[in-house]
>>> print(open('run.cif').read())   # mmCIF, C-alpha atoms and all ligand atoms
data_work
#
loop_
_atom_site.label_atom_id
_atom_site.label_comp_id
_atom_site.auth_asym_id
_atom_site.auth_seq_id
_atom_site.Cartn_x
_atom_site.Cartn_y
_atom_site.Cartn_z
CA MET A 1 -40.88 -25.54 -5.94
CA THR A 2 -37.53 -27.32 -5.53
CA ALA A 3 -34.74 -25.63 -3.62
CA PRO A 4 -32.18 -23.83 -5.75
CA SER A 5 -29.05 -25.91 -6.36
CA VAL A 6 -26.79 -22.89 -5.89
CA SER A 7 -25.08 -22.67 -2.49
CA TRP A 8 -24.92 -18.96 -1.83
CA HIS A 9 -22.09 -19.11 0.69
CA ARG A 10 -19.76 -19.73 -2.25
CA PHE A 11 -20.36 -16.17 -3.37
CA ARG A 12 -19.62 -14.52 -0.04
CA VAL A 13 -16.67 -12.15 -0.20
CA LYS A 14 -13.81 -13.84 1.60
CA ASN A 15 -11.85 -12.23 4.40
CA ILE A 16 -8.16 -12.75 3.85
CA ALA A 17 -5.43 -11.51 6.18
CA ILE A 18 -1.91 -10.76 4.97
CA LEU A 19 0.57 -11.06 7.83
CA ASN A 20 4.20 -10.03 7.72
CA GLY A 21 6.85 -10.71 10.30
CA PRO A 22 10.10 -9.02 11.29
CA ASN A 23 11.96 -6.61 9.02
CA LEU A 24 9.35 -6.81 6.29
CA ASP A 25 8.35 -3.25 7.17
CA ARG A 26 11.68 -2.33 5.57
CA LEU A 27 10.91 -3.87 2.19
CA GLY A 28 12.21 -1.76 -0.66
CA LYS A 29 15.12 -0.49 1.45
CA ARG A 30 16.24 -3.79 2.94
CA GLU A 31 18.70 -5.83 0.81
CA PRO A 32 16.89 -4.93 -2.44
CA GLU A 33 19.13 -7.31 -4.38
CA ILE A 34 17.40 -10.15 -2.49
CA TYR A 35 13.97 -8.79 -1.63
CA GLY A 36 13.43 -6.33 -4.49
CA ALA A 37 12.55 -2.65 -4.65
CA THR A 38 8.83 -2.92 -3.86
CA THR A 39 7.88 -1.46 -0.49
CA LEU A 40 5.35 -3.14 1.80
CA ALA A 41 2.86 -0.32 1.09
CA GLU A 42 3.27 -0.89 -2.67
CA LEU A 43 2.86 -4.62 -2.24
CA GLU A 44 -0.35 -4.08 -0.27
CA LYS A 45 -1.60 -1.74 -3.02
CA GLN A 46 -0.89 -4.44 -5.62
CA LEU A 47 -2.86 -6.97 -3.61
CA LEU A 48 -5.79 -4.57 -3.25
CA ALA A 49 -5.73 -3.81 -6.99
CA GLU A 50 -5.73 -7.52 -7.84
CA PHE A 51 -8.16 -8.87 -5.25
CA GLY A 52 -9.96 -5.87 -3.71
CA SER A 53 -13.15 -6.60 -5.62
CA VAL A 54 -13.34 -10.29 -4.68
CA ALA A 55 -11.91 -10.32 -1.16
CA GLN A 56 -11.78 -8.22 1.94
CA LEU A 57 -8.07 -7.85 2.66
CA GLU A 58 -6.59 -7.02 6.03
CA PHE A 59 -2.90 -6.21 6.49
CA PHE A 60 -0.75 -6.64 9.58
CA GLN A 61 3.00 -6.41 10.10
CA SER A 62 4.97 -6.79 13.31
CA ASN A 63 8.55 -7.25 14.33
CA HIS A 64 7.37 -9.01 17.50
CA GLU A 65 6.67 -12.72 17.83
CA GLY A 66 4.02 -12.27 20.54
CA ALA A 67 2.13 -9.66 18.51
CA LEU A 68 2.00 -12.07 15.56
CA ILE A 69 0.81 -14.91 17.80
CA ASP A 70 -1.93 -12.65 19.25
CA LYS A 71 -2.96 -11.62 15.73
CA ILE A 72 -3.17 -15.23 14.49
CA SER A 73 -5.28 -16.29 17.50
CA GLY A 74 -7.52 -13.25 17.03
CA LEU A 75 -8.05 -14.04 13.35
CA ALA A 76 -9.08 -17.59 14.25
CA ASP A 77 -11.90 -16.17 16.37
CA ALA A 78 -12.86 -13.56 13.74
CA LYS A 79 -14.51 -14.30 10.40
CA CYS A 80 -11.24 -14.92 8.65
CA ASP A 81 -11.21 -17.32 5.69
CA GLY A 82 -7.49 -17.52 5.16
CA ILE A 83 -4.11 -16.11 6.07
CA VAL A 84 -1.16 -15.38 3.81
CA PHE A 85 1.81 -15.35 6.16
CA ASN A 86 5.40 -14.31 5.64
CA PRO A 87 6.95 -15.03 9.06
CA GLY A 88 10.34 -13.57 7.99
CA ALA A 89 13.20 -14.90 10.09
CA PHE A 90 10.70 -16.46 12.56
CA THR A 91 10.03 -19.00 9.79
CA HIS A 92 13.18 -20.82 10.74
CA TYR A 93 12.85 -21.15 14.50
CA SER A 94 9.66 -19.85 16.11
CA ILE A 95 7.89 -22.79 17.71
CA GLY A 96 5.49 -20.26 19.26
CA LEU A 97 4.32 -19.17 15.81
CA ARG A 98 4.28 -22.74 14.58
CA ASP A 99 1.99 -23.68 17.46
CA ALA A 100 -0.25 -20.65 16.82
CA VAL A 101 -0.72 -21.75 13.18
CA ALA A 102 -1.26 -25.38 14.23
CA ALA A 103 -3.90 -24.31 16.76
CA ILE A 104 -6.27 -22.73 14.23
CA ARG A 105 -8.49 -24.12 11.51
CA VAL A 106 -8.14 -21.07 9.28
CA PRO A 107 -5.95 -22.13 6.32
CA VAL A 108 -2.53 -20.49 6.29
CA VAL A 109 -0.34 -20.16 3.20
CA GLU A 110 3.31 -19.49 4.04
CA VAL A 111 4.96 -17.12 1.59
CA HIS A 112 8.46 -15.82 0.99
CA LEU A 113 9.75 -13.22 -1.42
CA SER A 114 13.04 -15.02 -1.87
CA ASN A 115 13.51 -18.72 -2.59
CA ILE A 116 14.47 -19.83 0.90
CA HIS A 117 15.51 -23.24 -0.44
CA GLY A 118 18.22 -21.70 -2.59
CA ARG A 119 19.78 -19.60 0.16
CA GLU A 120 21.83 -20.21 3.32
CA GLU A 121 21.41 -23.60 4.99
CA PHE A 122 19.65 -22.08 8.03
CA ARG A 123 16.92 -20.62 5.81
CA ARG A 124 16.10 -23.90 4.10
CA HIS A 125 14.10 -25.22 7.00
CA SER A 126 10.71 -23.79 7.93
CA VAL A 127 9.06 -24.77 11.21
CA ILE A 128 5.82 -23.24 9.86
CA ALA A 129 5.58 -25.22 6.62
CA ALA A 130 4.32 -28.50 8.10
CA VAL A 131 1.34 -26.82 9.73
CA SER A 132 0.54 -24.57 6.75
CA ARG A 133 -1.68 -25.47 3.82
CA GLY A 134 1.28 -24.86 1.56
CA GLN A 135 4.34 -22.76 0.94
CA ILE A 136 5.10 -20.34 -1.92
CA SER A 137 8.67 -19.13 -2.08
CA GLY A 138 10.77 -17.20 -4.53
CA PHE A 139 8.41 -15.11 -6.63
CA GLY A 140 8.94 -11.72 -4.99
CA PRO A 141 5.61 -9.89 -4.49
CA GLY A 142 4.13 -12.57 -6.77
CA SER A 143 4.39 -15.04 -3.87
CA TYR A 144 1.71 -13.05 -2.03
CA LEU A 145 -0.51 -12.83 -5.13
CA LEU A 146 -0.22 -16.59 -5.58
CA GLY A 147 -0.94 -17.08 -1.88
CA VAL A 148 -4.20 -15.10 -1.99
CA ASP A 149 -5.10 -16.83 -5.25
CA ALA A 150 -4.63 -20.23 -3.60
CA LEU A 151 -6.83 -19.24 -0.67
CA LEU A 152 -9.57 -17.97 -2.95
CA GLY A 153 -9.78 -21.40 -4.47
CA THR A 154 -8.68 -20.54 -7.98
CA SER A 155 -5.78 -22.96 -7.69
CA PRO A 156 -6.03 -26.51 -6.37
CA ALA A 157 -4.18 -25.94 -3.08
CA PRO A 158 -6.98 -25.12 -0.63
CA GLY A 159 -9.76 -27.20 0.82
CA GLY A 160 -12.03 -27.10 3.78
CA ARG A 161 -10.10 -29.73 5.67
CA ARG A 162 -6.90 -29.88 7.60
CA PRO A 163 -4.07 -31.53 5.69
CA ALA A 164 -3.62 -35.21 6.53
CA ALA A 165 -0.30 -34.59 8.28
CA ARG A 166 -2.06 -32.53 10.95
CA ARG A 167 -4.52 -35.26 11.78
CA ARG A 168 -1.79 -37.72 12.72
CA PRO A 169 -1.12 -38.15 16.46
C1 LIG B 201 11.91 -14.05 3.96
C2 LIG B 201 13.04 -15.09 4.06
C3 LIG B 201 13.57 -15.18 5.48
O1 LIG B 201 14.63 -16.12 5.54
C4 LIG B 201 14.09 -13.84 5.94
O2 LIG B 201 14.50 -13.91 7.28
C5 LIG B 201 13.09 -12.75 5.74
C6 LIG B 201 12.34 -12.71 4.49
C7 LIG B 201 11.44 -13.85 2.50
O3 LIG B 201 10.35 -13.31 2.31
O4 LIG B 201 12.16 -14.20 1.54
O5 LIG B 201 12.96 -11.86 6.55
O6 LIG B 201 10.80 -14.53 4.70
#
>>> encode(input="run.cif", output="structure tokens", more="lines below")
Ligand code: DQA
Amino acid sequence: MTAPSVSWHRFRVKNIAILNGPNLDRLGKREPEIYGATTLAELEKQLLAEFGSVAQLEFFQSNHEGALIDKISGLADAKCDGIVFNPGAFTHYSIGLRDAVAAIRVPVVEVHLSNIHGREEFRRHSVIAAVSRGQISGFGPGSYLLGVDALLGTSPAPGGRRPAARRRP
């Protein structure tokens, strides 16, 4: 009998982590005219409703750079298939977080609720973007839904390889 052509690993439930950086614990209360009225708990519920049957979702939020770095390193050693990461204000200056993302092979999708490219000059630059698989910015909670969707392979963004830019010296 010939071996089945189906590769079963494709059907394994994926483990996706949703990481949020500083001040995102205050979603819903914090500048709702920019970040909307949805709380972080509601956003997590939306993600579970949308993807709970096809992915194992893990949520983590911290206001501390070191805690986020520890979490990212830990996920690289765990069976994590992808990370949706909103680094908050750390997006714009944390080389420590940038290096943590660069150090792992787990694909990371950077997300933002607001369109950082249409805001103050200092928000337009992300130190995380170049080492991420991609960036989704400006769709409110939808940015996270799109991020998980990208990691699950239903949009063309992901792949099993590092992006070319990361292989350069
Ligand atoms: C943010 C954008 C950042 O500039 C800001 O510091 C945040 C939230 C966003 O989701 O739009 O905290 O990451």
>>> closest_residue(input="run.cif", among="A:Glu42, A:Glu33, A:Glu58, A:Asp81", to="ligand LIG 201 (chain B)", atoms="only C-alpha atoms and all ligand atoms")
A:Glu33
>>> closest_residue(input="run.cif", among="A:Phe122, A:Tyr93, A:Phe60, A:Phe139", to="Ala17 in chain A", atoms="all atoms listed in the file")
A:Phe60
>>> atom_distance(input="run.cif", atom1="CA of Ser143 in chain A", atom2="CA of Tyr35 in chain A")
11.7 Å
>>> residues_around(input="run.cif", residues="Gly96 in chain A", least_positions_apart="4", cutoff="8 Å", atoms="all atoms listed in the file", output="MDAnalysis selection string")
chainID A and resid 65 69 100
>>> residues_near_ligand(input="run.cif", ligand="ligand LIG 201 (chain B)", cutoff="8 Å", atoms="all atoms listed in the file", output="count of residues only")
23
>>> atom_distance(input="run.cif", atom1="CA of Phe59 in chain A", atom2="CA of Ile18 in chain A")
4.9 Å
>>> residues_around(input="run.cif", residues="range 129-133 of chain A", least_positions_apart="2", cutoff="6 Å", atoms="all atoms listed in the file", output="CSV table (one decimal) with C-alpha atoms, in the coordinates of the input")
chain,number,residue,atom,x,y,z
A,102,ALA,CA,-1.3,-25.4,14.2
A,107,PRO,CA,-6.0,-22.1,6.3
A,108,VAL,CA,-2.5,-20.5,6.3
A,109,VAL,CA,-0.3,-20.2,3.2
A,126,SER,CA,10.7,-23.8,7.9
A,127,VAL,CA,9.1,-24.8,11.2
>>> atom_distance(input="run.cif", atom1="CA of Lys45 in chain A", atom2="CA of Leu57 in chain A")
10.6 Å
>>> closest_residue(input="run.cif", among="A:Asn15, A:Ala55, A:Asp149, A:Leu40", to="Ala76 in chain A", atoms="all atoms listed in the file")
A:Asn15
>>> closest_residue(input="run.cif", among="A:Gly134, A:His125, A:Asp99, A:Arg26", to="Ser73 in chain A", atoms="all atoms listed in the file")
A:Asp99
>>> build_atoms(input="run.cif", residues="range 27-62 of chain A", atoms="N, CA and C atoms", output="CSV table (one decimal), in the coordinates of the input")
chain,number,residue,atom,x,y,z
A,27,LEU,N,10.8,-3.5,3.6
A,27,LEU,CA,10.9,-3.9,2.2
A,27,LEU,C,11.1,-2.7,1.3
A,28,GLY,N,11.9,-2.9,0.2
A,28,GLY,CA,12.2,-1.8,-0.7
A,28,GLY,C,13.6,-1.1,-0.3
A,29,LYS,N,13.8,-1.0,1.0
A,29,LYS,CA,15.1,-0.5,1.4
A,29,LYS,C,16.1,-1.6,1.9
A,30,ARG,N,15.5,-2.7,2.3
A,30,ARG,CA,16.2,-3.8,2.9
A,30,ARG,C,16.8,-4.7,1.9
A,31,GLU,N,18.1,-4.9,1.8
A,31,GLU,CA,18.7,-5.8,0.8
A,31,GLU,C,17.9,-6.0,-0.5
A,32,PRO,N,17.8,-4.9,-1.2
A,32,PRO,CA,16.9,-4.9,-2.4
A,32,PRO,C,17.3,-5.9,-3.5
A,33,GLU,N,18.6,-6.3,-3.4
A,33,GLU,CA,19.1,-7.3,-4.4
A,33,GLU,C,18.5,-8.7,-4.1
A,34,ILE,N,18.1,-8.9,-2.9
A,34,ILE,CA,17.4,-10.2,-2.5
A,34,ILE,C,15.9,-10.0,-2.5
A,35,TYR,N,15.4,-8.9,-1.9
A,35,TYR,CA,14.0,-8.8,-1.6
A,35,TYR,C,13.3,-7.8,-2.6
A,36,GLY,N,14.0,-7.2,-3.5
A,36,GLY,CA,13.4,-6.3,-4.5
A,36,GLY,C,13.2,-4.9,-4.0
A,37,ALA,N,12.7,-4.1,-4.9
A,37,ALA,CA,12.6,-2.6,-4.6
A,37,ALA,C,11.1,-2.3,-4.2
A,38,THR,N,10.2,-3.2,-4.2
A,38,THR,CA,8.8,-2.9,-3.9
A,38,THR,C,8.7,-2.8,-2.4
A,39,THR,N,8.1,-1.7,-1.9
A,39,THR,CA,7.9,-1.5,-0.5
A,39,THR,C,6.7,-2.3,0.0
A,40,LEU,N,6.5,-2.4,1.3
A,40,LEU,CA,5.4,-3.1,1.8
A,40,LEU,C,4.0,-2.4,1.4
A,41,ALA,N,4.1,-1.1,1.5
A,41,ALA,CA,2.9,-0.3,1.1
A,41,ALA,C,2.5,-0.6,-0.4
A,42,GLU,N,3.5,-0.6,-1.2
A,42,GLU,CA,3.3,-0.9,-2.7
A,42,GLU,C,2.7,-2.3,-2.9
A,43,LEU,N,3.3,-3.2,-2.1
A,43,LEU,CA,2.9,-4.6,-2.2
A,43,LEU,C,1.4,-4.7,-1.8
A,44,GLU,N,1.0,-4.0,-0.7
A,44,GLU,CA,-0.4,-4.1,-0.3
A,44,GLU,C,-1.3,-3.4,-1.3
A,45,LYS,N,-0.8,-2.4,-2.0
A,45,LYS,CA,-1.6,-1.7,-3.0
A,45,LYS,C,-1.8,-2.7,-4.2
A,46,GLN,N,-0.8,-3.4,-4.5
A,46,GLN,CA,-0.9,-4.4,-5.6
A,46,GLN,C,-1.9,-5.5,-5.3
A,47,LEU,N,-1.9,-5.9,-4.0
A,47,LEU,CA,-2.9,-7.0,-3.6
A,47,LEU,C,-4.3,-6.4,-3.7
A,48,LEU,N,-4.5,-5.2,-3.2
A,48,LEU,CA,-5.8,-4.6,-3.2
A,48,LEU,C,-6.3,-4.4,-4.7
A,49,ALA,N,-5.4,-4.0,-5.6
A,49,ALA,CA,-5.7,-3.8,-7.0
A,49,ALA,C,-6.2,-5.1,-7.6
A,50,GLU,N,-5.5,-6.2,-7.2
A,50,GLU,CA,-5.7,-7.5,-7.8
A,50,GLU,C,-7.0,-8.2,-7.2
A,51,PHE,N,-7.1,-8.1,-5.9
A,51,PHE,CA,-8.2,-8.9,-5.2
A,51,PHE,C,-9.2,-8.1,-4.5
A,52,GLY,N,-9.1,-6.7,-4.5
A,52,GLY,CA,-10.0,-5.9,-3.7
A,52,GLY,C,-11.4,-6.1,-4.0
A,53,SER,N,-11.7,-6.5,-5.3
A,53,SER,CA,-13.2,-6.6,-5.6
A,53,SER,C,-13.7,-8.0,-5.2
A,54,VAL,N,-12.8,-8.9,-5.0
A,54,VAL,CA,-13.3,-10.3,-4.7
A,54,VAL,C,-13.0,-10.7,-3.2
A,55,ALA,N,-12.2,-9.9,-2.5
A,55,ALA,CA,-11.9,-10.3,-1.2
A,55,ALA,C,-11.7,-9.1,-0.3
A,56,GLN,N,-12.0,-9.3,1.0
A,56,GLN,CA,-11.8,-8.2,1.9
A,56,GLN,C,-10.4,-8.5,2.5
A,57,LEU,N,-9.5,-7.6,2.2
A,57,LEU,CA,-8.1,-7.8,2.7
A,57,LEU,C,-7.7,-7.0,3.9
A,58,GLU,N,-7.1,-7.7,4.8
A,58,GLU,CA,-6.6,-7.0,6.0
A,58,GLU,C,-5.1,-7.2,6.1
A,59,PHE,N,-4.4,-6.1,6.5
A,59,PHE,CA,-2.9,-6.2,6.5
A,59,PHE,C,-2.4,-6.0,7.9
A,60,PHE,N,-1.4,-6.8,8.3
A,60,PHE,CA,-0.8,-6.6,9.6
A,60,PHE,C,0.7,-7.0,9.5
A,61,GLN,N,1.6,-6.1,10.0
A,61,GLN,CA,3.0,-6.4,10.1
A,61,GLN,C,3.5,-6.2,11.5
A,62,SER,N,4.3,-7.0,12.0
A,62,SER,CA,5.0,-6.8,13.3
A,62,SER,C,6.4,-7.4,13.3
